[in-house]
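> Next comes entry.json, JSON, C-alpha atoms (C1' of nucleotides):
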```json
[["chain", "number", "residue", "atom", "x", "y", "z"],
["Q", 17, "MET", "CA", 36.61, -30.11, -68.75],
["Q", 18, "THR", "CA", 40.10, -28.92, -69.56],
["Q", 19, "ASN", "CA", 41.37, -32.19, -71.00],
["Q", 20, "LYS", "CA", 42.46, -31.17, -74.43],
["Q", 21, "PRO", "CA", 40.49, -32.74, -77.22],
["Q", 22, "ASP", "CA", 42.29, -34.02, -80.28],
["Q", 23, "VAL", "CA", 41.88, -31.00, -82.48],
["Q", 24, "ARG", "CA", 43.57, -32.72, -85.39],
["Q", 25, "ALA", "CA", 40.92, -35.42, -85.32],
["Q", 26, "LEU", "CA", 38.12, -32.87, -84.96],
["Q", 27, "LEU", "CA", 39.35, -31.11, -88.04],
["Q", 28, "ARG", "CA", 39.70, -34.26, -90.09],
["Q", 29, "ARG", "CA", 36.24, -35.36, -89.13],
["Q", 30, "ALA", "CA", 35.00, -31.95, -90.29],
["Q", 31, "GLY", "CA", 36.78, -32.29, -93.59],
["Q", 32, "LEU", "CA", 39.18, -29.49, -92.76],
["Q", 33, "ARG", "CA", 42.86, -29.86, -93.38],
["Q", 34, "PRO", "CA", 44.69, -29.76, -90.07],
["Q", 35, "THR", "CA", 47.04, -26.91, -90.79],
["Q", 36, "ARG", "CA", 49.36, -25.22, -88.30],
["Q", 37, "GLN", "CA", 47.07, -22.30, -87.66],
["Q", 38, "ARG", "CA", 43.85, -24.25, -87.57],
["Q", 39, "ILE", "CA", 45.33, -26.63, -85.01],
["Q", 40, "ALA", "CA", 46.72, -23.78, -82.98],
["Q", 41, "LEU", "CA", 43.45, -21.86, -83.00],
["Q", 42, "GLY", "CA", 41.53, -25.03, -82.26],
["Q", 43, "ASP", "CA", 43.75, -25.69, -79.26],
["Q", 44, "LEU", "CA", 43.17, -22.20, -78.01],
["Q", 45, "LEU", "CA", 39.44, -22.40, -78.52],
["Q", 46, "PHE", "CA", 38.68, -25.83, -77.18],
["Q", 47, "ALA", "CA", 41.19, -26.16, -74.37],
["Q", 48, "THR", "CA", 39.53, -23.53, -72.25],
["Q", 49, "GLY", "CA", 36.03, -24.92, -71.81],
["Q", 50, "ASP", "CA", 33.18, -22.62, -72.71],
["Q", 51, "TRP", "CA", 34.31, -19.42, -74.25],
["Q", 52, "HIS", "CA", 32.81, -16.55, -76.18],
["Q", 53, "VAL", "CA", 35.21, -15.05, -78.66],
["Q", 54, "THR", "CA", 35.28, -12.43, -81.31],
["Q", 55, "ALA", "CA", 37.72, -12.60, -84.18],
["Q", 56, "GLU", "CA", 39.66, -9.85, -82.53],
["Q", 57, "THR", "CA", 39.98, -11.45, -79.12],
["Q", 58, "LEU", "CA", 41.03, -14.75, -80.65],
["Q", 59, "HIS", "CA", 43.58, -13.07, -82.85],
["Q", 60, "GLU", "CA", 44.94, -11.20, -79.87],
["Q", 61, "GLN", "CA", 45.25, -14.37, -77.83],
["Q", 62, "ALA", "CA", 47.00, -16.09, -80.68],
["Q", 63, "ILE", "CA", 49.51, -13.30, -81.06],
["Q", 64, "ILE", "CA", 50.12, -13.20, -77.32],
["Q", 65, "ARG", "CA", 50.99, -16.88, -77.46],
["Q", 66, "SER", "CA", 53.29, -16.34, -80.40],
["Q", 67, "ILE", "CA", 51.04, -18.14, -82.81],
["Q", 68, "PRO", "CA", 51.54, -16.31, -86.07],
["Q", 69, "VAL", "CA", 48.12, -15.95, -87.69],
["Q", 70, "SER", "CA", 46.63, -13.17, -89.68],
["Q", 71, "LEU", "CA", 43.30, -11.66, -88.76],
["Q", 72, "ALA", "CA", 41.92, -12.76, -92.11],
["Q", 73, "THR", "CA", 42.77, -16.36, -91.33],
["Q", 74, "VAL", "CA", 41.14, -16.05, -87.93],
["Q", 75, "TYR", "CA", 37.94, -14.93, -89.64],
["Q", 76, "ASN", "CA", 38.13, -17.74, -92.15],
["Q", 77, "THR", "CA", 38.80, -20.27, -89.45],
["Q", 78, "LEU", "CA", 35.97, -19.10, -87.22],
["Q", 79, "HIS", "CA", 33.52, -19.39, -90.08],
["Q", 80, "GLN", "CA", 34.79, -22.76, -91.18],
["Q", 81, "PHE", "CA", 34.57, -24.06, -87.62],
["Q", 82, "THR", "CA", 31.05, -22.72, -87.38],
["Q", 83, "GLU", "CA", 29.99, -24.41, -90.60],
["Q", 84, "ALA", "CA", 31.55, -27.59, -89.33],
["Q", 85, "GLY", "CA", 29.49, -27.35, -86.15],
["Q", 86, "LEU", "CA", 32.45, -26.83, -83.87],
["Q", 87, "LEU", "CA", 31.31, -23.32, -82.97],
["Q", 88, "LYS", "CA", 28.05, -21.46, -82.75],
["Q", 89, "GLU", "CA", 27.51, -17.90, -83.82],
["Q", 90, "VAL", "CA", 25.76, -15.69, -81.30],
["Q", 91, "VAL", "CA", 24.05, -12.46, -82.30],
["Q", 92, "VAL", "CA", 23.62, -10.02, -79.47],
["Q", 93, "ASP", "CA", 25.31, -6.86, -80.35],
["Q", 94, "GLY", "CA", 24.93, -5.84, -83.93],
["Q", 95, "SER", "CA", 28.40, -4.47, -84.27],
["Q", 96, "LYS", "CA", 30.46, -7.52, -83.44],
["Q", 97, "THR", "CA", 30.13, -11.20, -84.14],
["Q", 98, "TYR", "CA", 30.59, -13.55, -81.22],
["Q", 99, "PHE", "CA", 31.39, -17.24, -81.45],
["Q", 100, "ASP", "CA", 30.54, -19.71, -78.73],
["Q", 101, "THR", "CA", 32.53, -22.87, -78.13],
["Q", 102, "ASN", "CA", 29.47, -24.34, -76.45],
["Q", 103, "THR", "CA", 27.51, -25.74, -79.37],
["Q", 104, "THR", "CA", 24.76, -27.33, -77.30],
["Q", 105, "SER", "CA", 21.35, -25.72, -77.21],
["Q", 106, "HIS", "CA", 21.35, -22.96, -74.66],
["Q", 107, "HIS", "CA", 20.69, -19.26, -74.25],
["Q", 108, "HIS", "CA", 22.66, -16.20, -73.21],
["Q", 109, "PHE", "CA", 23.02, -13.37, -70.83],
["Q", 110, "TYR", "CA", 24.39, -10.26, -72.41],
["Q", 111, "LEU", "CA", 26.05, -7.80, -70.07],
["Q", 112, "GLU", "CA", 25.40, -4.60, -71.91],
["Q", 113, "ASP", "CA", 27.88, -2.52, -69.96],
["Q", 114, "GLN", "CA", 30.76, -4.91, -70.47],
["Q", 115, "ARG", "CA", 29.58, -6.10, -73.84],
["Q", 116, "ALA", "CA", 30.17, -9.62, -72.58],
["Q", 117, "ILE", "CA", 28.27, -12.84, -73.08],
["Q", 118, "MET", "CA", 27.55, -15.53, -70.51],
["Q", 119, "ASP", "CA", 25.83, -18.83, -71.01],
["Q", 120, "ILE", "CA", 22.55, -19.50, -69.30],
["Q", 121, "PRO", "CA", 22.74, -23.12, -68.16],
["Q", 122, "ALA", "CA", 20.79, -25.32, -70.56],
["Q", 123, "GLY", "CA", 17.30, -26.27, -69.52],
["Q", 124, "GLN", "CA", 16.87, -23.37, -67.14],
["Q", 125, "VAL", "CA", 15.00, -21.19, -69.55],
["Q", 126, "SER", "CA", 12.31, -22.59, -71.75],
["Q", 127, "ILE", "CA", 9.88, -21.13, -74.17],
["Q", 128, "GLN", "CA", 6.18, -21.57, -73.87],
["Q", 129, "GLY", "CA", 3.56, -21.08, -76.53],
["Q", 130, "MET", "CA", 5.56, -21.25, -79.70],
["Q", 131, "PRO", "CA", 3.51, -19.37, -82.27],
["Q", 132, "GLU", "CA", 2.25, -20.54, -85.60],
["Q", 133, "VAL", "CA", 5.01, -20.59, -88.10],
["Q", 134, "PRO", "CA", 4.11, -19.13, -91.50],
["Q", 135, "GLU", "CA", 3.31, -21.66, -94.26],
["Q", 136, "GLY", "CA", 6.34, -23.21, -95.85],
["Q", 137, "MET", "CA", 8.66, -22.04, -93.10],
["Q", 138, "GLU", "CA", 10.31, -23.97, -90.35],
["Q", 139, "ILE", "CA", 12.10, -22.97, -87.21],
["Q", 140, "ALA", "CA", 15.82, -23.01, -87.72],
["Q", 141, "ARG", "CA", 16.61, -22.00, -84.17],
["Q", 142, "VAL", "CA", 15.29, -20.03, -81.25],
["Q", 143, "ASP", "CA", 17.57, -17.58, -79.53],
["Q", 144, "VAL", "CA", 16.89, -16.02, -76.17],
["Q", 145, "VAL", "CA", 19.04, -13.14, -75.00],
["Q", 146, "VAL", "CA", 18.59, -11.82, -71.49],
["Q", 147, "ARG", "CA", 20.12, -8.37, -71.44],
["Q", 148, "LEU", "CA", 21.57, -7.35, -68.11],
["Q", 149, "ARG", "CA", 22.81, -4.09, -66.77],
["Q", 150, "ALA", "CA", 24.18, -2.94, -63.46],
["Q", 151, "VAL", "CA", 21.40, -2.12, -61.00],
["Q", 152, "ARG", "CA", 20.85, 1.59, -61.19],
["Q", 153, "THR", "CA", 21.02, 3.06, -57.74],
["Q", 154, "ASN", "CA", 18.94, 6.13, -58.33],
["K", 26, "MET", "CA", -4.35, 1.91, -86.64],
["K", 27, "THR", "CA", -3.53, 4.26, -89.48],
["K", 28, "ASN", "CA", -4.87, 7.43, -87.88],
["K", 29, "LYS", "CA", -1.88, 9.66, -87.94],
["K", 30, "PRO", "CA", -0.58, 10.58, -84.52],
["K", 31, "ASP", "CA", 0.52, 14.11, -83.80],
["K", 32, "VAL", "CA", 4.21, 13.69, -84.45],
["K", 33, "ARG", "CA", 4.91, 17.27, -83.44],
["K", 34, "ALA", "CA", 3.47, 16.58, -80.02],
["K", 35, "LEU", "CA", 5.33, 13.29, -79.71],
["K", 36, "LEU", "CA", 8.57, 15.07, -80.41],
["K", 37, "ARG", "CA", 7.91, 17.87, -77.97],
["K", 38, "ARG", "CA", 7.01, 15.40, -75.27],
["K", 39, "ALA", "CA", 10.30, 13.65, -75.98],
["K", 40, "GLY", "CA", 12.23, 16.88, -75.70],
["K", 41, "LEU", "CA", 13.13, 16.86, -79.36],
["K", 42, "ARG", "CA", 12.78, 19.94, -81.45],
["K", 43, "PRO", "CA", 10.17, 19.34, -84.11],
["K", 44, "THR", "CA", 12.20, 20.08, -87.18],
["K", 45, "ARG", "CA", 11.13, 19.56, -90.77],
["K", 46, "GLN", "CA", 12.96, 16.29, -91.23],
["K", 47, "ARG", "CA", 12.10, 14.85, -87.83],
["K", 48, "ILE", "CA", 8.44, 15.52, -88.46],
["K", 49, "ALA", "CA", 8.62, 14.09, -91.95],
["K", 50, "LEU", "CA", 10.43, 10.96, -90.79],
["K", 51, "GLY", "CA", 8.08, 10.62, -87.84],
["K", 52, "ASP", "CA", 5.09, 10.80, -90.18],
["K", 53, "LEU", "CA", 6.61, 8.12, -92.36],
["K", 54, "LEU", "CA", 7.43, 5.89, -89.42],
["K", 55, "PHE", "CA", 4.28, 6.17, -87.39],
["K", 56, "ALA", "CA", 1.62, 6.47, -90.05],
["K", 57, "THR", "CA", 2.11, 2.96, -91.30],
["K", 58, "GLY", "CA", 1.40, 0.90, -88.21],
["K", 59, "ASP", "CA", 4.03, -1.64, -87.22],
["K", 60, "TRP", "CA", 7.11, -1.42, -89.29],
["K", 61, "HIS", "CA", 10.67, -2.67, -89.20],
["K", 62, "VAL", "CA", 13.10, -0.28, -90.79],
["K", 63, "THR", "CA", 16.77, 0.08, -91.34],
["K", 64, "ALA", "CA", 18.36, 3.46, -91.80],
["K", 65, "GLU", "CA", 18.70, 2.66, -95.46],
["K", 66, "THR", "CA", 15.10, 1.68, -96.08],
["K", 67, "LEU", "CA", 13.84, 4.74, -94.25],
["K", 68, "HIS", "CA", 16.17, 7.01, -96.15],
["K", 69, "GLU", "CA", 15.05, 5.42, -99.41],
["K", 70, "GLN", "CA", 11.37, 5.93, -98.55],
["K", 71, "ALA", "CA", 12.03, 9.52, -97.62],
["K", 72, "ILE", "CA", 13.78, 10.23, -100.88],
["K", 73, "ILE", "CA", 11.02, 8.53, -102.85],
["K", 74, "ARG", "CA", 8.52, 10.85, -101.21],
["K", 75, "SER", "CA", 10.66, 13.85, -101.99],
["K", 76, "ILE", "CA", 11.59, 14.44, -98.39],
["K", 77, "PRO", "CA", 15.09, 15.79, -98.55],
["K", 78, "VAL", "CA", 17.05, 14.17, -95.72],
["K", 79, "SER", "CA", 20.59, 12.99, -95.57],
["K", 80, "LEU", "CA", 21.44, 9.49, -94.48],
["K", 81, "ALA", "CA", 23.38, 10.90, -91.55],
["K", 82, "THR", "CA", 20.28, 12.66, -90.31],
["K", 83, "VAL", "CA", 18.26, 9.49, -90.68],
["K", 84, "TYR", "CA", 20.75, 7.71, -88.45],
["K", 85, "ASN", "CA", 20.68, 10.52, -85.92],
["K", 86, "THR", "CA", 16.92, 10.61, -85.93],
["K", 87, "LEU", "CA", 16.51, 6.87, -85.52],
["K", 88, "HIS", "CA", 18.78, 6.90, -82.51],
["K", 89, "GLN", "CA", 17.13, 9.92, -80.96],
["K", 90, "PHE", "CA", 13.71, 8.35, -81.45],
["K", 91, "THR", "CA", 14.98, 5.17, -79.87],
["K", 92, "GLU", "CA", 16.37, 6.98, -76.86],
["K", 93, "ALA", "CA", 13.08, 8.79, -76.56],
["K", 94, "GLY", "CA", 11.24, 5.48, -76.51],
["K", 95, "LEU", "CA", 9.46, 6.02, -79.80],
["K", 96, "LEU", "CA", 11.31, 3.14, -81.43],
["K", 97, "LYS", "CA", 12.88, -0.09, -80.34],
["K", 98, "GLU", "CA", 16.13, -1.46, -81.65],
["K", 99, "VAL", "CA", 16.05, -5.08, -82.72],
["K", 100, "VAL", "CA", 19.21, -7.12, -82.99],
["K", 101, "VAL", "CA", 18.88, -10.13, -85.23],
["K", 102, "ASP", "CA", 21.40, -9.90, -87.93],
["K", 103, "GLY", "CA", 24.76, -8.58, -86.88],
["K", 104, "SER", "CA", 25.36, -6.59, -90.01],
["K", 105, "LYS", "CA", 22.37, -4.28, -90.01],
["K", 106, "THR", "CA", 20.45, -2.47, -87.33],
["K", 107, "TYR", "CA", 16.67, -2.74, -87.41],
["K", 108, "PHE", "CA", 14.26, -0.39, -85.71],
["K", 109, "ASP", "CA", 10.76, -1.40, -84.72],
["K", 110, "THR", "CA", 7.90, 1.07, -84.49],
["K", 111, "ASN", "CA", 6.17, -1.35, -82.13],
["K", 112, "THR", "CA", 7.63, -0.43, -78.77],
["K", 113, "THR", "CA", 5.49, -2.77, -76.74],
["K", 114, "SER", "CA", 7.02, -5.91, -75.30],
["K", 115, "HIS", "CA", 7.02, -8.59, -77.95],
["K", 116, "HIS", "CA", 9.31, -10.93, -79.80],
["K", 117, "HIS", "CA", 10.34, -11.55, -83.38],
["K", 118, "PHE", "CA", 10.49, -13.95, -86.21],
["K", 119, "TYR", "CA", 13.51, -13.51, -88.38],
["K", 120, "LEU", "CA", 13.25, -14.81, -91.92],
["K", 121, "GLU", "CA", 16.84, -15.66, -92.58],
["K", 122, "ASP", "CA", 16.47, -16.03, -96.31],
["K", 123, "GLN", "CA", 14.76, -12.69, -96.81],
["K", 124, "ARG", "CA", 16.56, -11.00, -93.95],
["K", 125, "ALA", "CA", 13.17, -9.75, -92.81],
["K", 126, "ILE", "CA", 11.65, -9.29, -89.38],
["K", 127, "MET", "CA", 8.09, -10.04, -88.32],
["K", 128, "ASP", "CA", 6.49, -9.45, -84.97],
["K", 129, "ILE", "CA", 5.31, -12.37, -82.94],
["K", 130, "PRO", "CA", 2.00, -11.27, -81.41],
["K", 131, "ALA", "CA", 2.54, -10.25, -77.81],
["K", 132, "GLY", "CA", 1.68, -12.81, -75.20],
["K", 133, "GLN", "CA", 2.00, -15.76, -77.49],
["K", 134, "VAL", "CA", 5.49, -16.64, -76.47],
["K", 135, "SER", "CA", 6.53, -16.60, -72.86],
["K", 136, "ILE", "CA", 9.64, -17.51, -71.02],
["K", 137, "GLN", "CA", 9.68, -20.01, -68.25],
["K", 138, "GLY", "CA", 12.33, -20.47, -65.59],
["K", 139, "MET", "CA", 14.15, -17.20, -65.70],
["K", 140, "PRO", "CA", 17.59, -17.95, -64.27],
["K", 141, "GLU", "CA", 19.37, -16.34, -61.36],
["K", 142, "VAL", "CA", 20.68, -12.98, -62.35],
["K", 143, "PRO", "CA", 24.24, -12.27, -61.18],
["K", 144, "GLU", "CA", 24.60, -10.08, -58.08],
["K", 145, "GLY", "CA", 24.19, -6.39, -58.74],
["K", 146, "MET", "CA", 22.68, -6.95, -62.16],
["K", 147, "GLU", "CA", 19.14, -6.56, -63.32],
["K", 148, "ILE", "CA", 17.31, -7.63, -66.41],
["K", 149, "ALA", "CA", 17.07, -4.80, -68.86],
["K", 150, "ARG", "CA", 15.13, -6.78, -71.40],
["K", 151, "VAL", "CA", 14.58, -10.26, -72.75],
["K", 152, "ASP", "CA", 14.69, -10.80, -76.47],
["K", 153, "VAL", "CA", 13.47, -13.89, -78.22],
["K", 154, "VAL", "CA", 14.26, -14.40, -81.87],
["K", 155, "VAL", "CA", 12.70, -17.30, -83.70],
["K", 156, "ARG", "CA", 14.77, -17.85, -86.81],
["K", 157, "LEU", "CA", 12.84, -19.21, -89.74],
["K", 158, "ARG", "CA", 13.91, -20.61, -93.05],
["K", 159, "ALA", "CA", 12.09, -22.09, -95.99],
["K", 160, "VAL", "CA", 11.30, -25.75, -95.45],
["K", 161, "ARG", "CA", 14.03, -27.69, -97.14],
["K", 162, "THR", "CA", 12.48, -30.22, -99.49],
["K", 163, "ASN", "CA", 15.32, -32.69, -99.58],
["B", 25, "DA", "C1'", 20.44, 36.09, -80.88],
["B", 26, "DT", "C1'", 21.27, 31.58, -79.29],
["B", 27, "DT", "C1'", 20.95, 27.12, -79.39],
["B", 28, "DT", "C1'", 20.18, 23.02, -81.70],
["B", 29, "DG", "C1'", 19.82, 20.36, -85.98],
["B", 30, "DT", "C1'", 21.38, 19.29, -90.66],
["B", 31, "DG", "C1'", 24.24, 17.97, -94.72],
["B", 32, "DC", "C1'", 28.21, 16.68, -96.63],
["B", 33, "DA", "C1'", 32.35, 14.37, -97.01],
["B", 34, "DA", "C1'", 35.85, 12.20, -94.70],
["B", 35, "DA", "C1'", 36.90, 8.91, -91.10],
["B", 36, "DT", "C1'", 36.15, 4.59, -88.59],
["B", 37, "DC", "C1'", 35.09, -0.14, -87.54],
["B", 38, "DG", "C1'", 34.35, -4.82, -88.35],
["B", 39, "DT", "C1'", 34.61, -7.88, -91.90],
["B", 40, "DT", "C1'", 35.55, -9.74, -96.69],
["B", 41, "DT", "C1'", 38.15, -10.40, -100.85],
["B", 42, "DG", "C1'", 41.85, -10.82, -104.57],
["B", 43, "DC", "C1'", 45.89, -12.59, -105.41],
["B", 44, "DA", "C1'", 50.65, -14.13, -104.96],
["B", 45, "DT", "C1'", 52.91, -17.29, -102.02],
["B", 46, "DC", "C1'", 53.27, -21.34, -99.09],
["B", 47, "DT", "C1'", 52.15, -26.08, -97.31],
["B", 48, "DG", "C1'", 50.10, -30.54, -96.20],
["B", 49, "DA", "C1'", 48.59, -34.93, -98.25],
["V", 17, "DT", "C1'", 52.67, -32.49, -107.38],
["V", 18, "DC", "C1'", 49.01, -29.47, -106.52],
["V", 19, "DA", "C1'", 44.52, -28.52, -104.43],
["V", 20, "DG", "C1'", 43.76, -26.10, -100.71],
["V", 21, "DA", "C1'", 45.42, -22.47, -97.02],
["V", 22, "DT", "C1'", 47.50, -18.37, -95.71],
["V", 23, "DG", "C1'", 48.96, -13.40, -95.45],
["V", 24, "DC", "C1'", 48.73, -9.01, -96.85],
["V", 25, "DA", "C1'", 46.75, -5.05, -98.36],
["V", 26, "DA", "C1'", 43.12, -3.13, -100.62],
["V", 27, "DA", "C1'", 38.04, -3.09, -100.88],
["V", 28, "DC", "C1'", 33.69, -2.97, -98.53],
["V", 29, "DG", "C1'", 29.27, -1.83, -96.24],
["V", 30, "DA", "C1'", 27.24, 0.08, -92.34],
["V", 31, "DT", "C1'", 27.62, 3.57, -89.21],
["V", 32, "DT", "C1'", 29.80, 7.82, -87.02],
["V", 33, "DT", "C1'", 31.93, 12.21, -86.78],
["V", 34, "DG", "C1'", 33.71, 17.10, -87.67],
["V", 35, "DC", "C1'", 32.54, 21.18, -89.14],
["V", 36, "DA", "C1'", 30.35, 24.99, -91.83],
["V", 37, "DC", "C1'", 25.69, 26.30, -92.70],
["V", 38, "DA", "C1'", 20.61, 26.60, -91.70],
["V", 39, "DA", "C1'", 16.60, 26.69, -88.99],
["V", 40, "DA", "C1'", 13.93, 26.66, -84.38],
["V", 41, "DT", "C1'", 12.94, 29.10, -80.19]]
```
What is this structure when it is put down as structure tokens?


Amino acid sequence: MTNKPDVRALLRRAGLRPTRQRIALGDLLFATGDWHVTAETLHEQAIIRSIPVSLATVYNTLHQFTEAGLLKEVVVDGSKTYFDTNTTSHHHFYLEDQRAIMDIPAGQVSIQGMPEVPEGMEIARVDVVVRLRAVRTN
Amino acid sequence: MTNKPDVRALLRRAGLRPTRQRIALGDLLFATGDWHVTAETLHEQAIIRSIPVSLATVYNTLHQFTEAGLLKEVVVDGSKTYFDTNTTSHHHFYLEDQRAIMDIPAGQVSIQGMPEVPEGMEIARVDVVVRLRAVRTN
DNA sequence: ATTTGTGCAAATCGTTTGCATCTGA
DNA sequence: TCAGATGCAAACGATTTGCACAAAT
């Protein structure tokens, strides 16, 4: 799973110019298998590895990658935006205490009894978030 | 469904002092049956009805009500926080275009195959969001 | 009289934007 | 060359906070 994909090719295919920072961020993102990042964590990681990128560019890049289908946006927390390098259909655990996301293996959870969708509307996507907390030992 | 509950009593039971603005906001919130509000919309409504409340107090109140179990927080959108006056277990449609929330009648949707929960963790809550968009007539 | 809540304005946080400067094709 | 990317700093929108004042018990 850690065989590095050809980020340059990914970008070209997505119609994105393979620039220094996009390649560098792509390497970071896709070399590590499944990963849930925020703009901040990615920026941090980039800086740590001496990849000079501005936070603004990290935001731009994350959104461009998402539009291109290379990332998936996950909404769990309201205050921060998380991006998931796993773009296949799957759901999430959210560890409320650690504010961390974990994938739920695909196919484990399924929905039953999908309700009537209002006229003229279609389902864009179904998200399931299982919120976890430490067992309270009262 | 529109028989006004005794907000004063609700507040007392919740250990919240029944102040002018809490009562007024409670009346607004609970008189109208199921409702999905943001701090802004509630504040707006209050002002329209000549209830003098500051936005800060609306935020405080919404959070206190939530802690007290009178409201439920719904996370669908990342940028705004929605509160649901329906505190029973149920799931949501999210109309992406209108940025609006609708309840999915309880019991219609159910989850199958709940996955192993990591050691020492318990499920606090399971949220299902069915994202809808207008049918694209391409 | 005490305690708790409220309003305001300033502060904070995550995110976006405008614009001058670079860079890849 | 030159459209498209980047960096910076300023702008932004939602939410929170500090503190003086007001209202419940």

> Can you list, as a PyMOL selection string, every protein, DNA or RNA residue that comes within 8 Å of Q:Thr103 when you count only C-alpha atoms (C1' of nucleotides), leaving out same-chain residues fewer than 4 positions away?

chain Q and resi 85-88

> At most 9 Å is the cut-off: for each residue in chain V with any atom that close to an atom of chain K, write down the nearest atom pair and the distance in Å rounded to one decimal, counting all atoms listed in the file, chain first then increasing number, as CSV.


```
residue,atom,partner,partner_atom,distance
V:DG29,C1',K:Ser104,CA,8.8
V:DA30,C1',K:Lys105,CA,6.9
V:DT31,C1',K:Tyr84,CA,8.1
V:DT32,C1',K:Ala81,CA,8.4
V:DA39,C1',K:Thr44,CA,8.1
V:DA40,C1',K:Thr44,CA,7.4
```

> Work out how far atom CA of Q:Asp143 is from atom CA of Q:Gln80, in Å to one decimal.

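Separation between atom CA of Q:Gln80 and atom CA of Q:Asp143: 21.4 Å.
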
> Could you please select, counting only C-alpha atoms (C1' of nucleotides), the residues of chain B within 9 Å of chain K and state them as a VMD selection string?

chain B and resid 28 to 32

> Taking only C-alpha atoms into account, which residues of chain Q are within 6 Å of chain K, as a list of chain:residue names?

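Written out as asked, the residues are Q:Gly94, Q:Gln124, Q:Val125, Q:Ser126, Q:Ile127, Q:Gln128, Q:Gly129, Q:Met130, Q:Gly136, Q:Met137, Q:Glu138, Q:Ile139, Q:Ala140, Q:Arg141, Q:Val142, Q:Asp143, Q:Val144, Q:Val145, Q:Val146, Q:Arg147, Q:Leu148, Q:Arg149, Q:Ala150, Q:Val151.
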
> How would the residues just chosen look if you wrote them out with C-alpha atoms as a PDB file, in the frame of the given file?


```pdb
ATOM      1  CA  GLY Q  94      24.930  -5.840 -83.930  1.00  0.00           C
ATOM      2  CA  GLN Q 124      16.870 -23.370 -67.140  1.00  0.00           C
ATOM      3  CA  VAL Q 125      15.000 -21.190 -69.550  1.00  0.00           C
ATOM      4  CA  SER Q 126      12.310 -22.590 -71.750  1.00  0.00           C
ATOM      5  CA  ILE Q 127       9.880 -21.130 -74.170  1.00  0.00           C
ATOM      6  CA  GLN Q 128       6.180 -21.570 -73.870  1.00  0.00           C
ATOM      7  CA  GLY Q 129       3.560 -21.080 -76.530  1.00  0.00           C
ATOM      8  CA  MET Q 130       5.560 -21.250 -79.700  1.00  0.00           C
ATOM      9  CA  GLY Q 136       6.340 -23.210 -95.850  1.00  0.00           C
ATOM     10  CA  MET Q 137       8.660 -22.040 -93.100  1.00  0.00           C
ATOM     11  CA  GLU Q 138      10.310 -23.970 -90.350  1.00  0.00           C
ATOM     12  CA  ILE Q 139      12.100 -22.970 -87.210  1.00  0.00           C
ATOM     13  CA  ALA Q 140      15.820 -23.010 -87.720  1.00  0.00           C
ATOM     14  CA  ARG Q 141      16.610 -22.000 -84.170  1.00  0.00           C
ATOM     15  CA  VAL Q 142      15.290 -20.030 -81.250  1.00  0.00           C
ATOM     16  CA  ASP Q 143      17.570 -17.580 -79.530  1.00  0.00           C
ATOM     17  CA  VAL Q 144      16.890 -16.020 -76.170  1.00  0.00           C
ATOM     18  CA  VAL Q 145      19.040 -13.140 -75.000  1.00  0.00           C
ATOM     19  CA  VAL Q 146      18.590 -11.820 -71.490  1.00  0.00           C
ATOM     20  CA  ARG Q 147      20.120  -8.370 -71.440  1.00  0.00           C
ATOM     21  CA  LEU Q 148      21.570  -7.350 -68.110  1.00  0.00           C
ATOM     22  CA  ARG Q 149      22.810  -4.090 -66.770  1.00  0.00           C
ATOM     23  CA  ALA Q 150      24.180  -2.940 -63.460  1.00  0.00           C
ATOM     24  CA  VAL Q 151      21.400  -2.120 -61.000  1.00  0.00           C
TER      25      VAL Q 151
END
```

> Go through chain V residue by residue and, counting all atoms listed in the file, keep those with an atom at most 9 Å from stretch 36-45 of chain B; for each kept residue give the shortest atom pair and its distance in Å to one decimal, ordered by chain and increasing number, as a tab-separated table.


```
residue	atom	partner	partner_atom	distance
V:DT22	C1'	B:DT45	C1'	8.4
V:DG23	C1'	B:DT45	C1'	8.6
V:DA26	C1'	B:DG42	C1'	8.7
V:DA27	C1'	B:DT41	C1'	7.3
V:DC28	C1'	B:DT40	C1'	7.3
V:DT31	C1'	B:DC37	C1'	8.5
V:DT32	C1'	B:DT36	C1'	7.3
V:DT33	C1'	B:DT36	C1'	8.9
```

> Quick one: axis-aligned box around all listed atoms of stretch 44-56 of chain K, 3 Å on every side, centre and edge lengths in Å to one decimal, written as AutoDock Vina command-line options.


```
--center_x 7.3 --center_y 13.0 --center_z -89.8 --size_x 17.3 --size_y 20.2 --size_z 11.2
```

> What is the atom CA of K:Arg33-atom CA of K:Ile48 distance in Å, reported with one decimal?

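These atoms are spaced 6.4 Å apart.
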
> What does the structure give for the distance between atom CA of Q:Thr104 and atom CA of Q:Asp119, in Å to one decimal?

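Calculated distance between atom CA of Q:Thr104 and atom CA of Q:Asp119 is 10.6 Å.
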
> Nearest residue to Q:Glu89 out of Q:Gln61, Q:Thr77, Q:Gln114, Q:Thr54, using only C-alpha atoms?

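Between Q:Gln61, Q:Thr77, Q:Gln114, Q:Thr54, the residue approaching Q:Glu89 most closely is Q:Thr54.
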